[in-house]
file protein-v8.cif (mmCIF, C-alpha atoms)
data_structure
#
loop_
_atom_site.label_atom_id
_atom_site.label_comp_id
_atom_site.auth_asym_id
_atom_site.auth_seq_id
_atom_site.Cartn_x
_atom_site.Cartn_y
_atom_site.Cartn_z
CA MET A 21 24.83 15.47 9.54
CA THR A 22 26.12 15.23 13.08
CA ALA A 23 24.11 15.69 16.25
CA LEU A 24 24.21 15.22 19.99
CA THR A 25 20.88 14.85 21.72
CA LEU A 26 19.48 14.21 25.16
CA ASN A 27 16.37 12.57 23.67
CA PRO A 28 15.77 9.09 22.27
CA ILE A 29 17.07 8.92 18.70
CA ASP A 30 14.39 8.67 16.01
CA ILE A 31 15.99 6.06 13.77
CA GLY A 32 13.32 6.32 11.08
CA ALA A 33 13.95 10.05 10.81
CA VAL A 34 17.72 9.51 10.56
CA VAL A 35 17.19 7.03 7.73
CA SER A 36 14.77 9.34 5.93
CA GLY A 37 17.42 12.04 6.02
CA LEU A 38 19.90 9.69 4.34
CA THR A 39 17.81 8.70 1.36
CA SER A 40 18.47 10.31 -1.98
CA PRO A 41 17.40 9.46 -5.52
CA GLU A 42 20.97 8.46 -6.40
CA SER A 43 21.37 6.02 -3.51
CA GLY A 44 21.02 2.28 -3.85
CA GLY A 45 22.14 1.27 -0.37
CA ILE A 46 22.11 2.60 3.17
CA ASP A 47 23.90 0.99 6.07
CA VAL A 48 22.92 1.99 9.59
CA PHE A 49 24.69 1.00 12.77
CA ILE A 50 22.82 1.36 16.05
CA GLY A 51 24.64 0.99 19.35
CA THR A 52 22.34 0.01 22.20
CA THR A 53 22.72 -0.31 25.95
CA ARG A 54 23.41 -3.91 26.98
CA ASN A 55 22.11 -5.30 30.26
CA GLN A 56 25.56 -6.48 31.31
CA SER A 57 29.18 -5.40 31.20
CA ARG A 58 32.13 -7.56 32.16
CA GLY A 59 29.76 -9.98 33.86
CA ARG A 60 27.94 -7.37 35.92
CA GLU A 61 24.30 -6.39 35.51
CA VAL A 62 23.86 -2.92 34.00
CA LEU A 63 20.80 -0.74 34.60
CA LEU A 64 21.66 2.11 32.28
CA LEU A 65 24.52 3.99 30.70
CA GLU A 66 25.10 7.67 31.22
CA TYR A 67 26.91 9.55 28.49
CA GLU A 68 28.68 12.88 28.67
CA ALA A 69 30.57 14.72 25.95
CA PHE A 70 32.89 17.62 25.45
CA GLU A 71 30.14 18.77 23.14
CA PRO A 72 31.70 21.32 20.77
CA MET A 73 34.80 19.19 20.29
CA ALA A 74 32.76 15.99 19.89
CA LEU A 75 30.75 17.63 17.10
CA GLU A 76 33.92 18.89 15.42
CA VAL A 77 35.55 15.45 15.57
CA MET A 78 32.35 13.83 14.26
CA GLU A 79 32.25 16.29 11.34
CA ASN A 80 35.89 15.56 10.67
CA LEU A 81 35.14 11.82 10.57
CA GLU A 82 32.40 12.49 8.04
CA ARG A 83 34.82 14.42 5.84
CA ARG A 84 37.38 11.60 6.05
CA ALA A 85 34.77 9.01 5.06
CA MET A 86 33.53 11.20 2.21
CA GLU A 87 37.09 11.49 0.88
CA ARG A 88 37.71 7.76 1.11
CA TRP A 89 34.49 6.34 -0.36
CA PRO A 90 31.96 7.61 -2.95
CA LEU A 91 29.17 8.30 -0.47
CA HIS A 92 26.01 10.36 -0.71
CA LYS A 93 25.04 11.26 2.84
CA ILE A 94 26.25 10.51 6.35
CA ALA A 95 24.49 10.86 9.70
CA ILE A 96 26.16 10.49 13.08
CA VAL A 97 23.83 11.00 16.04
CA HIS A 98 24.94 10.34 19.60
CA ARG A 99 22.65 10.45 22.58
CA LEU A 100 23.85 11.97 25.86
CA GLY A 101 22.59 11.58 29.40
CA ARG A 102 20.96 8.41 30.63
CA VAL A 103 20.29 5.67 28.10
CA PRO A 104 18.29 2.71 29.51
CA VAL A 105 18.95 -0.89 28.52
CA GLY A 106 17.75 -1.63 24.96
CA GLU A 107 17.77 2.00 23.81
CA ALA A 108 20.11 3.48 21.22
CA SER A 109 23.12 5.52 22.31
CA VAL A 110 24.46 6.05 18.82
CA VAL A 111 23.12 5.84 15.28
CA ILE A 112 25.46 6.05 12.31
CA GLY A 113 24.08 5.90 8.79
CA VAL A 114 25.66 6.09 5.36
CA SER A 115 24.01 6.16 1.95
CA ALA A 116 25.85 5.32 -1.25
CA GLY A 117 25.29 4.13 -4.78
CA HIS A 118 26.17 0.58 -3.79
CA ARG A 119 26.20 -1.41 -0.59
CA LYS A 120 29.92 -2.15 -0.40
CA GLU A 121 30.87 1.46 0.27
CA ALA A 122 27.96 1.94 2.64
CA PHE A 123 29.03 -1.03 4.80
CA GLU A 124 32.72 -0.14 4.78
CA ALA A 125 32.20 3.52 5.61
CA CYS A 126 29.67 2.77 8.36
CA ARG A 127 32.08 0.32 9.99
CA PHE A 128 34.91 2.84 9.70
CA LEU A 129 32.82 5.58 11.29
CA ILE A 130 31.75 3.61 14.35
CA ASP A 131 35.28 2.25 14.85
CA VAL A 132 36.89 5.69 14.72
CA LEU A 133 34.09 7.31 16.71
CA LYS A 134 34.85 4.91 19.54
CA GLN A 135 38.54 5.86 19.42
CA ASP A 136 38.46 9.59 18.95
CA VAL A 137 35.21 11.34 19.77
CA PRO A 138 35.32 12.89 23.26
CA ILE A 139 32.29 11.12 24.69
CA TRP A 140 32.36 9.04 27.85
CA LYS A 141 29.95 6.56 29.32
CA ARG A 142 29.42 5.76 32.95
CA GLU A 143 27.97 2.34 33.67
CA HIS A 144 25.29 2.24 36.34
CA PHE A 145 25.23 -1.25 37.79
CA ALA A 146 22.36 -3.08 39.44
CA ASP A 147 24.36 -3.28 42.67
CA GLY A 148 24.13 0.50 43.01
CA THR A 149 27.69 1.34 41.98
CA MET A 150 28.77 3.16 38.88
CA GLU A 151 31.98 3.27 36.88
CA TRP A 152 33.44 5.17 33.96
CA SER A 153 33.98 2.81 31.10
CA GLY A 154 36.94 2.53 28.79
CA SER A 155 39.54 3.42 31.37
CA ILE A 156 42.65 1.43 32.18
CA GLN A 157 42.15 2.35 35.81
CA GLN A 158 38.50 1.39 35.94
CA SER A 159 38.61 -0.14 39.41
CA LYS A 160 40.14 2.98 40.96
CA VAL A 161 37.40 5.40 40.12
CA ASN A 162 34.35 3.75 41.61
CA VAL A 163 32.01 6.35 42.92
CA ASN A 164 29.05 5.77 45.15
CA ARG A 165 25.71 6.13 43.49
CA VAL A 166 23.97 9.41 44.25
CA MET B 25 11.78 -12.62 11.27
CA THR B 26 11.17 -12.69 7.53
CA ALA B 27 8.45 -10.87 5.65
CA LEU B 28 7.30 -9.88 2.19
CA THR B 29 5.08 -6.84 1.95
CA LEU B 30 3.38 -4.70 -0.65
CA ASN B 31 3.55 -1.65 1.62
CA PRO B 32 6.38 0.75 2.42
CA ILE B 33 8.69 -0.81 5.02
CA ASP B 34 8.55 0.80 8.47
CA ILE B 35 12.26 0.83 9.29
CA GLY B 36 11.77 2.11 12.83
CA ALA B 37 9.47 -0.84 13.54
CA VAL B 38 11.97 -3.31 12.11
CA VAL B 39 14.69 -1.88 14.34
CA SER B 40 12.44 -1.95 17.42
CA GLY B 41 11.83 -5.62 16.78
CA LEU B 42 15.57 -6.28 16.76
CA THR B 43 16.42 -4.69 20.08
CA SER B 44 16.98 -6.91 23.06
CA PRO B 45 18.49 -6.25 26.50
CA GLU B 46 21.51 -8.43 25.61
CA SER B 47 22.32 -6.58 22.41
CA GLY B 48 25.04 -3.98 22.09
CA GLY B 49 24.92 -3.45 18.35
CA ILE B 50 22.46 -3.56 15.49
CA ASP B 51 23.40 -3.27 11.84
CA VAL B 52 20.69 -2.48 9.32
CA PHE B 53 21.04 -2.51 5.57
CA ILE B 54 18.43 -0.72 3.50
CA GLY B 55 18.29 -1.18 -0.26
CA THR B 56 16.61 1.73 -2.04
CA THR B 57 15.48 2.41 -5.58
CA ARG B 58 18.08 4.42 -7.49
CA ASN B 59 17.05 6.94 -10.15
CA GLN B 60 19.32 5.36 -12.74
CA SER B 61 20.51 1.98 -13.93
CA ARG B 62 23.28 1.38 -16.45
CA GLY B 63 23.08 5.01 -17.47
CA ARG B 64 19.32 5.10 -18.01
CA GLU B 65 16.84 7.07 -15.95
CA VAL B 66 14.68 4.86 -13.73
CA LEU B 67 11.19 5.83 -12.56
CA LEU B 68 10.50 2.89 -10.28
CA LEU B 69 11.31 -0.73 -9.68
CA GLU B 70 8.67 -3.42 -9.66
CA TYR B 71 9.39 -6.52 -7.62
CA GLU B 72 7.80 -9.92 -7.83
CA ALA B 73 8.58 -13.04 -5.83
CA PHE B 74 7.89 -16.73 -5.78
CA GLU B 75 6.53 -15.90 -2.36
CA PRO B 76 6.45 -19.16 -0.40
CA MET B 77 9.87 -20.19 -1.67
CA ALA B 78 11.30 -16.70 -1.12
CA LEU B 79 10.18 -16.84 2.52
CA GLU B 80 11.65 -20.31 2.94
CA VAL B 81 14.99 -19.27 1.45
CA MET B 82 15.03 -16.14 3.64
CA GLU B 83 14.37 -18.25 6.75
CA ASN B 84 17.13 -20.58 5.69
CA LEU B 85 19.53 -17.66 5.34
CA GLU B 86 18.62 -16.57 8.86
CA ARG B 87 19.42 -20.04 10.19
CA ARG B 88 22.77 -20.08 8.38
CA ALA B 89 23.69 -16.68 9.82
CA MET B 90 22.60 -17.75 13.31
CA GLU B 91 24.84 -20.83 13.09
CA ARG B 92 27.81 -18.84 11.87
CA TRP B 93 27.75 -15.84 14.22
CA PRO B 94 26.54 -15.31 17.80
CA LEU B 95 23.52 -13.19 16.92
CA HIS B 96 20.42 -12.24 18.84
CA LYS B 97 17.76 -11.39 16.27
CA ILE B 98 17.51 -11.09 12.51
CA ALA B 99 14.92 -9.36 10.34
CA ILE B 100 14.67 -9.66 6.55
CA VAL B 101 11.84 -7.67 5.00
CA HIS B 102 11.44 -7.36 1.25
CA ARG B 103 8.92 -5.14 -0.43
CA LEU B 104 7.07 -6.35 -3.54
CA GLY B 105 5.22 -4.45 -6.22
CA ARG B 106 6.17 -0.96 -7.25
CA VAL B 107 8.89 0.80 -5.29
CA PRO B 108 9.42 4.44 -6.31
CA VAL B 109 12.86 6.08 -6.41
CA GLY B 110 14.23 6.73 -2.91
CA GLU B 111 12.03 4.15 -1.18
CA ALA B 112 13.27 0.94 0.44
CA SER B 113 12.92 -2.36 -1.35
CA VAL B 114 14.68 -4.41 1.30
CA VAL B 115 15.59 -3.99 4.95
CA ILE B 116 17.93 -6.45 6.67
CA GLY B 117 18.74 -6.04 10.33
CA VAL B 118 20.87 -8.01 12.76
CA SER B 119 21.35 -7.53 16.49
CA ALA B 120 24.28 -8.99 18.40
CA GLY B 121 26.32 -8.51 21.53
CA HIS B 122 29.00 -6.66 19.59
CA ARG B 123 29.15 -4.77 16.33
CA LYS B 124 31.60 -7.00 14.48
CA GLU B 125 29.15 -9.90 14.20
CA ALA B 126 26.27 -7.57 13.39
CA PHE B 127 28.15 -6.03 10.45
CA GLU B 128 29.46 -9.32 9.11
CA ALA B 129 26.14 -11.13 9.31
CA CYS B 130 24.20 -8.24 7.76
CA ARG B 131 26.61 -8.10 4.84
CA PHE B 132 26.39 -11.87 4.41
CA LEU B 133 22.59 -11.78 4.42
CA ILE B 134 22.21 -9.12 1.75
CA ASP B 135 24.90 -10.73 -0.41
CA VAL B 136 23.27 -14.16 -0.29
CA LEU B 137 19.75 -12.75 -0.58
CA LYS B 138 20.75 -11.19 -3.88
CA GLN B 139 22.06 -14.54 -5.11
CA ASP B 140 19.45 -16.98 -3.92
CA VAL B 141 16.10 -15.53 -2.95
CA PRO B 142 13.58 -15.91 -5.80
CA ILE B 143 12.67 -12.26 -6.16
CA TRP B 144 12.92 -10.33 -9.40
CA LYS B 145 12.87 -6.67 -10.21
CA ARG B 146 11.68 -5.03 -13.36
CA GLU B 147 13.14 -1.63 -14.09
CA HIS B 148 10.67 0.96 -15.38
CA PHE B 149 12.61 3.54 -17.34
CA ALA B 150 11.74 7.16 -17.97
CA ASP B 151 11.62 6.45 -21.72
CA GLY B 152 8.56 4.24 -21.18
CA THR B 153 10.27 0.87 -21.56
CA MET B 154 10.78 -1.73 -18.89
CA GLU B 155 13.25 -4.56 -18.41
CA TRP B 156 13.82 -7.43 -16.05
CA SER B 157 17.05 -6.88 -14.20
CA GLY B 158 19.82 -9.34 -13.44
CA SER B 159 19.51 -11.32 -16.63
CA ILE B 160 22.26 -12.19 -19.07
CA GLN B 161 19.77 -11.68 -21.88
CA GLN B 162 18.56 -8.31 -20.70
CA SER B 163 18.33 -6.77 -24.13
CA LYS B 164 16.20 -9.58 -25.51
CA VAL B 165 13.30 -9.29 -23.17
CA ASN B 166 12.32 -5.67 -23.56
CA VAL B 167 8.59 -5.37 -23.26
CA ASN B 168 6.51 -2.39 -24.14
CA ARG B 169 5.12 -0.53 -21.19
CA VAL B 170 1.46 -1.19 -20.47
CA MET C 26 50.69 32.21 31.34
CA LYS C 27 47.01 31.64 31.97
CA ILE C 28 45.22 28.74 30.32
CA ARG C 29 41.73 27.41 30.81
CA LEU C 30 41.64 23.75 31.86
CA ARG C 31 38.56 21.61 31.21
CA LEU C 32 38.22 18.15 32.67
CA PHE C 33 35.80 15.37 31.75
CA ALA C 34 34.51 12.07 33.06
CA ASN C 35 36.90 10.34 35.45
CA ALA C 36 39.54 13.03 35.01
CA ARG C 37 37.04 15.49 36.43
CA ASP C 38 36.22 13.11 39.28
CA LEU C 39 39.91 12.69 40.12
CA ALA C 40 40.61 16.42 40.05
CA GLY C 41 37.42 17.40 41.83
CA PHE C 42 36.63 20.17 39.36
CA ALA C 43 35.43 20.53 35.77
CA GLU C 44 36.99 23.84 34.83
CA LYS C 45 39.77 26.00 36.19
CA THR C 46 42.00 28.79 34.93
CA VAL C 47 45.58 27.94 35.86
CA ASP C 48 48.86 29.78 35.59
CA LEU C 49 51.59 27.70 33.96
CA GLN C 50 55.30 28.58 33.92
CA HIS C 51 56.49 26.36 31.05
CA PRO C 52 54.02 26.80 28.24
CA ARG C 53 53.77 23.21 27.00
CA ALA C 54 50.92 20.77 27.12
CA SER C 55 53.03 18.36 29.20
CA GLU C 56 53.06 20.86 32.06
CA VAL C 57 49.34 20.25 32.43
CA PHE C 58 50.13 16.71 33.62
CA GLU C 59 52.45 18.09 36.30
CA TYR C 60 49.74 20.43 37.43
CA LEU C 61 47.18 17.59 37.54
CA ALA C 62 49.56 15.40 39.57
CA SER C 63 49.88 18.23 42.07
CA VAL C 64 46.10 18.24 42.42
CA ASN C 65 45.81 14.44 42.76
CA PRO C 66 48.86 12.11 42.62
CA GLU C 67 46.68 9.43 40.99
CA PHE C 68 46.99 11.42 37.76
CA ARG C 69 50.60 10.15 37.51
CA GLU C 70 49.38 6.64 36.78
CA TRP C 71 46.81 8.08 34.41
CA SER C 72 48.88 10.39 32.30
CA ARG C 73 49.72 7.80 29.63
CA SER C 74 46.05 7.18 28.92
CA ILE C 75 45.01 10.84 28.92
CA ARG C 76 45.04 12.88 25.74
CA LEU C 77 45.10 16.65 25.68
CA ALA C 78 43.15 18.83 23.29
CA VAL C 79 44.06 22.45 22.82
CA ASN C 80 41.23 24.59 21.49
CA ARG C 81 39.33 21.38 20.62
CA ARG C 82 42.11 19.64 18.73
CA TYR C 83 44.18 16.74 19.98
CA VAL C 84 47.82 17.73 20.49
CA ASP C 85 50.97 15.93 21.58
CA ASP C 86 52.74 16.69 24.84
CA ALA C 87 55.24 19.05 23.25
CA HIS C 88 52.53 21.33 21.87
CA PRO C 89 53.30 24.94 22.85
CA LEU C 90 50.53 26.73 24.74
CA GLN C 91 49.48 30.31 24.31
CA GLU C 92 47.80 32.72 26.68
CA GLY C 93 44.08 31.98 26.82
CA ASP C 94 44.27 28.48 25.32
CA GLU C 95 41.57 26.06 26.34
CA VAL C 96 43.19 22.76 27.30
CA ALA C 97 40.83 19.79 27.58
CA VAL C 98 41.90 16.77 29.62
CA ILE C 99 40.52 13.79 27.70
CA PRO C 100 40.54 10.45 29.53
CA PRO C 101 39.99 7.30 27.40
CA VAL C 102 36.85 7.94 25.40
CA SER C 103 34.01 5.42 25.51
CA GLY C 104 31.28 6.69 23.24
CA GLY C 105 29.31 4.48 20.92
CA MET D 29 4.07 -38.09 -15.44
CA LYS D 30 2.30 -34.89 -14.56
CA ILE D 31 4.19 -32.02 -12.94
CA ARG D 32 3.13 -28.50 -12.21
CA LEU D 33 5.33 -25.85 -13.83
CA ARG D 34 5.56 -22.35 -12.42
CA LEU D 35 7.32 -19.57 -14.28
CA PHE D 36 8.46 -16.19 -13.04
CA ALA D 37 9.66 -12.85 -14.31
CA ASN D 38 11.23 -13.00 -17.79
CA ALA D 39 10.84 -16.79 -17.95
CA ARG D 40 7.10 -16.23 -17.67
CA ASP D 41 7.24 -13.53 -20.34
CA LEU D 42 9.16 -15.82 -22.70
CA ALA D 43 6.79 -18.75 -22.18
CA GLY D 44 3.65 -16.69 -22.23
CA PHE D 45 2.18 -18.37 -19.17
CA ALA D 46 2.78 -18.41 -15.41
CA GLU D 47 1.56 -21.89 -14.54
CA LYS D 48 0.87 -25.08 -16.45
CA THR D 49 0.52 -28.76 -15.70
CA VAL D 50 2.68 -30.67 -18.17
CA ASP D 51 3.15 -34.34 -18.90
CA LEU D 52 6.83 -35.37 -19.03
CA GLN D 53 8.15 -38.66 -20.32
CA HIS D 54 11.64 -38.71 -18.75
CA PRO D 55 11.18 -37.72 -15.14
CA ARG D 56 14.22 -35.49 -14.66
CA ALA D 57 14.46 -31.78 -14.07
CA SER D 58 16.46 -31.39 -17.27
CA GLU D 59 13.44 -32.41 -19.32
CA VAL D 60 11.79 -29.19 -18.23
CA PHE D 61 14.31 -27.27 -20.34
CA GLU D 62 13.41 -29.33 -23.39
CA TYR D 63 9.78 -28.60 -22.79
CA LEU D 64 10.48 -24.88 -22.41
CA ALA D 65 12.50 -24.83 -25.66
CA SER D 66 9.55 -26.39 -27.42
CA VAL D 67 7.40 -23.52 -26.16
CA ASN D 68 9.89 -20.82 -27.12
CA PRO D 69 13.30 -21.58 -28.71
CA GLU D 70 14.79 -18.57 -26.91
CA PHE D 71 14.84 -20.72 -23.79
CA ARG D 72 17.79 -22.61 -25.29
CA GLU D 73 20.06 -19.60 -24.84
CA TRP D 74 18.61 -19.09 -21.40
CA SER D 75 18.90 -22.53 -19.91
CA ARG D 76 22.35 -22.01 -18.41
CA SER D 77 21.14 -19.03 -16.39
CA ILE D 78 17.89 -20.63 -15.23
CA ARG D 79 17.73 -22.59 -12.01
CA LEU D 80 14.99 -25.06 -11.21
CA ALA D 81 13.37 -25.50 -7.82
CA VAL D 82 11.33 -28.61 -7.07
CA ASN D 83 8.82 -28.15 -4.31
CA ARG D 84 10.53 -24.86 -3.41
CA ARG D 85 14.08 -26.18 -3.21
CA TYR D 86 16.81 -25.59 -5.77
CA VAL D 87 17.81 -28.82 -7.52
CA ASP D 88 20.36 -29.77 -10.16
CA ASP D 89 19.38 -30.93 -13.65
CA ALA D 90 19.61 -34.62 -12.77
CA HIS D 91 17.08 -34.35 -9.99
CA PRO D 92 14.40 -37.04 -10.44
CA LEU D 93 10.84 -35.75 -10.59
CA GLN D 94 7.80 -37.36 -9.04
CA GLU D 95 4.15 -37.21 -9.97
CA GLY D 96 2.64 -33.97 -8.73
CA ASP D 97 5.95 -32.16 -8.17
CA GLU D 98 5.88 -28.40 -8.44
CA VAL D 99 8.79 -27.26 -10.63
CA ALA D 100 9.62 -23.57 -10.50
CA VAL D 101 11.56 -22.01 -13.35
CA ILE D 102 13.84 -19.45 -11.69
CA PRO D 103 15.54 -16.95 -14.00
CA PRO D 104 18.46 -14.95 -12.54
CA VAL D 105 17.15 -13.42 -9.33
CA SER D 106 17.45 -9.68 -8.75
CA GLY D 107 16.01 -8.97 -5.32
CA GLY D 108 17.53 -6.55 -2.85
#
call {"tool": "encode", "arguments": {"input": "protein-v8.cif", "output": "C-alpha cells"}}
result
Amino acid sequence: MTALTLNPIDIGAVVSGLTSPESGGIDVFIGTTRNQSRGREVLLLEYEAFEPMALEVMENLERRAMERWPLHKIAIVHRLGRVPVGEASVVIGVSAGHRKEAFEACRFLIDVLKQDVPIWKREHFADGTMEWSGSIQQSKVNVNRV
Amino acid sequence: MTALTLNPIDIGAVVSGLTSPESGGIDVFIGTTRNQSRGREVLLLEYEAFEPMALEVMENLERRAMERWPLHKIAIVHRLGRVPVGEASVVIGVSAGHRKEAFEACRFLIDVLKQDVPIWKREHFADGTMEWSGSIQQSKVNVNRV
Amino acid sequence: MKIRLRLFANARDLAGFAEKTVDLQHPRASEVFEYLASVNPEFREWSRSIRLAVNRRYVDDAHPLQEGDEVAVIPPVSGG
Amino acid sequence: MKIRLRLFANARDLAGFAEKTVDLQHPRASEVFEYLASVNPEFREWSRSIRLAVNRRYVDDAHPLQEGDEVAVIPPVSGG
C-alpha cells in the first residue's frame, strides 16, 4: 500500500493494515520533523512531490522488497504540505513471518525512498528564511519567506 | 518507558509518547501472534511474566541501549495473558536524531528481550493442546487444555 | 519536436515556472539541460545533480525523446 | 536456611507449585536444582536450560544464598 496525503498520518491505522494472521513481526519506521537542521532552528518542513511518479516509484520499491524478502504486507505513506516539528512526514511498515526480514526490508525501503522518490522538502527556519533541502547548491536558492 | 499490560497495546499512543522535537526518526517493532507454530495451527498465545523482574530487566535493557546509541526515548510494552492471532504481544519503539540509531537500537532491544526478559508464552493449538514455547523439552510438557 | 517540461522544488524556483511546452531540435534528454541553462545560467552548475524522468521514469542523458513526452526535471530528492 | 522459591511457566507445571519456602542446608543456588530434582526427577534433564534469579537478578550456580532470599526458577524465556 502506498499513499501520499496532506493530512497527519494515522500510524495506528497503518499498523492495523499490516497485520495478518501469518505475521509474527512488523517493523515500522516513522520519520518526524526535527526542530533543527545543520545547527539552525526549524519551525516546520514543507513537502512537495511529483505525485504520480512518486507513487509509481514507491510501488516499485514495494515490489523490489517483496522480491528480495519473504514479506506479507508493506505500507509506505508520505505526508505532503506543511509538517510541524514532532509530526510524522513518512511512515513505512513491513510485516513478515519473522522480525529479521521485517527490519531489513523496512531499512531498505526508507533508504531507497530517500534516494529515489521524487519528493522534496523545504525547511522553514525560525529566522524567517526557507531552503530546499538535499541540494548541493543549498545556499544559492534561499527564498524570502512569503 | 516500560510496561506490562493485560490489555491490547495502543500502538498509536506508544508512538506519540516517543516523539520529541529533537527526533528525526522512530523505529517501532511489533510482535504479533502468528496462526501457526512449527507447522501446527495456533489459536492464541498466552503470556505470563515474573512481573517485577521482567520490568527491571526491561529497564536495564533501556539503559544499555541508551548508553550504546544516542537515543531520545525508548518504549517497551509487553502484553500478558491471552493474545489472539494478529494482535500485538510486544511493542518496542525508539526515537533518535537519525534513523540508523533508531533501527539498530530497536533490533537490539527485541533480540535481547527475547533472551533475557522473564516472560513465557504458552501456545494454544487448534487441536486443543497447549505447550510452553522456547523450551528444549517442549514435547515433554504437553498439558491437556482446561 | 514538442515536449512537456515539468519542474519541481528548487529547479522550479530557478526556472521561474513549473510547466512549459518547449520545442527541442535534438531529441535527447540532454538537450533539456541546454534549454534550462538558456532560461537561467545557474542550471549549468546544477545539471550534474539533476535527474530527468521521461513519462515518470528516470532516464539517462542520452535517452531519445519523442513528440509529446513529459520530461520531469528532478533536483536532488529529500523525502523521508 | 530458609529461602523463598518462585517457579514459572513449565518449571511451575513440573513442580506442581508456584511458590514455596524451602529450607536449604548448603546455601548455594545450585542446591535449588537438587531440591527441584527431589520434587520431580524430570528437573534433572532441565537444569541446564534453567536460569536462577536471586532477588530478581540472574546469578550463576555458585551464587551464595542468604536467609530470606527470593530464588526464581526461570525456564527458557519466550517473550516477544
call {"tool": "interface_residues", "arguments": {"input": "protein-v8.cif", "of": "chain B", "to": "chain C", "cutoff": "12 Å", "atoms": "only C-alpha atoms", "output": "list in words"}}
result
Gly48, Gly49, Ile50, His122 and Arg123 of chain B
call {"tool": "residues_around", "arguments": {"input": "protein-v8.cif", "residues": "stretch 72-79 of chain A", "least_positions_apart": "6", "cutoff": "8 Å", "atoms": "only C-alpha atoms", "output": "ChimeraX atom specification"}}
result
/A:21-24,96,133,136-139 /C:81-82
call {"tool": "resolve_selection", "arguments": {"input": "protein-v8.cif", "expression": "the PyMOL selection byres ((chain B and resi 93) around 9)", "output": "compact mmCIF listing (two decimals) with C-alpha atoms, in the coordinates of the input"}}
result
# COMPACT_ATOMS: atom_id res chain seq x y z
CA ARG B 88 22.77 -20.08 8.38
CA ALA B 89 23.69 -16.68 9.82
CA MET B 90 22.60 -17.75 13.31
CA GLU B 91 24.84 -20.83 13.09
CA ARG B 92 27.81 -18.84 11.87
CA PRO B 94 26.54 -15.31 17.80
CA LEU B 95 23.52 -13.19 16.92
CA ALA B 120 24.28 -8.99 18.40
CA GLU B 125 29.15 -9.90 14.20
CA ALA B 126 26.27 -7.57 13.39
CA GLU B 128 29.46 -9.32 9.11
CA ALA B 129 26.14 -11.13 9.31
call {"tool": "resolve_selection", "arguments": {"input": "protein-v8.cif", "expression": "the PyMOL selection byres ((chain D and resi 93) around 7)", "output": "JSON list (two decimals) with C-alpha atoms, in the coordinates of the input"}}
result
[["chain", "number", "residue", "atom", "x", "y", "z"],
["D", 55, "PRO", "CA", 11.18, -37.72, -15.14],
["D", 56, "ARG", "CA", 14.22, -35.49, -14.66],
["D", 57, "ALA", "CA", 14.46, -31.78, -14.07],
["D", 91, "HIS", "CA", 17.08, -34.35, -9.99],
["D", 92, "PRO", "CA", 14.40, -37.04, -10.44],
["D", 94, "GLN", "CA", 7.80, -37.36, -9.04],
["D", 95, "GLU", "CA", 4.15, -37.21, -9.97],
["D", 97, "ASP", "CA", 5.95, -32.16, -8.17]]
call {"tool": "closest_residue", "arguments": {"input": "protein-v8.cif", "among": "B:Leu85, B:Ala73, B:Ala99, B:Val52", "to": "chain A", "atoms": "all atoms listed in the file"}}
result
B:Val52
call {"tool": "residues_around", "arguments": {"input": "protein-v8.cif", "residues": "B:Ile134", "least_positions_apart": "3", "cutoff": "8 Å", "atoms": "all atoms listed in the file", "output": "number ranges by chain"}}
result
B: 53, 116, 130-131, 137-138; D: 108
call {"tool": "write_last_selection", "arguments": {"input": "protein-v8.cif", "atoms": "C-alpha atoms", "output": "tab-separated table (two decimals), keeping the file's coordinate frame"}}
result
chain	number	residue	atom	x	y	z
B	53	PHE	CA	21.04	-2.51	5.57
B	116	ILE	CA	17.93	-6.45	6.67
B	130	CYS	CA	24.20	-8.24	7.76
B	131	ARG	CA	26.61	-8.10	4.84
B	137	LEU	CA	19.75	-12.75	-0.58
B	138	LYS	CA	20.75	-11.19	-3.88
D	108	GLY	CA	17.53	-6.55	-2.85
call {"tool": "resolve_selection", "arguments": {"input": "protein-v8.cif", "expression": "the PyMOL selection byres ((chain C and resi 62-66) around 12)", "output": "ChimeraX atom specification"}}
result
/C:36-42,45,47,55-61,67-72
call {"tool": "atom_distance", "arguments": {"input": "protein-v8.cif", "atom1": "atom CA of B:Ile35", "atom2": "atom CA of A:Gln56"}}
result
26.7 Å
call {"tool": "residues_near_point", "arguments": {"input": "protein-v8.cif", "point": "(28.1, 8.0, 31.0)", "cutoff": "9 Å", "atoms": "all atoms listed in the file", "output": "ChimeraX atom specification"}}
result
/A:64-69,100-103,139-144,151-153 /C:34,103-104
call {"tool": "atom_distance", "arguments": {"input": "protein-v8.cif", "atom1": "atom CA of D:Glu98", "atom2": "atom CA of B:Val101"}}
result
25.4 Å
call {"tool": "atom_distance", "arguments": {"input": "protein-v8.cif", "atom1": "atom CA of A:Arg60", "atom2": "atom CA of A:Glu107"}}
result
18.4 Å
call {"tool": "interface_residues", "arguments": {"input": "protein-v8.cif", "of": "chain B", "to": "chain A", "cutoff": "7 Å", "atoms": "all atoms listed in the file", "output": "list in words"}}
result
Ile35, Gly36, Thr43, Ser44, Pro45, Glu46, Ser47, Gly48, Gly49, Ile50, Asp51, Val52, Phe53, Ile54, Gly55, Thr56, Thr57, Arg58, Asn59, Val109 and Gly110 of chain B
call {"tool": "residues_around", "arguments": {"input": "protein-v8.cif", "residues": "D:Phe36", "least_positions_apart": "2", "cutoff": "7 Å", "atoms": "all atoms listed in the file", "output": "NGL selection string"}}
result
:D and (34 or 38-40 or 46 or 101-102)
call {"tool": "axis_aligned_box", "arguments": {"input": "protein-v8.cif", "around": "stretch 35-48 of chain C", "padding_each_side": "6 Å", "output": "AutoDock Vina command-line options"}}
result
--center_x 42.1 --center_y 20.1 --center_z 38.3 --size_x 25.4 --size_y 31.4 --size_z 19.0
call {"tool": "closest_residue", "arguments": {"input": "protein-v8.cif", "among": "C:Leu77, C:Val102, C:Asp48, C:Ala97", "to": "C:Leu32", "atoms": "only C-alpha atoms"}}
result
C:Ala97
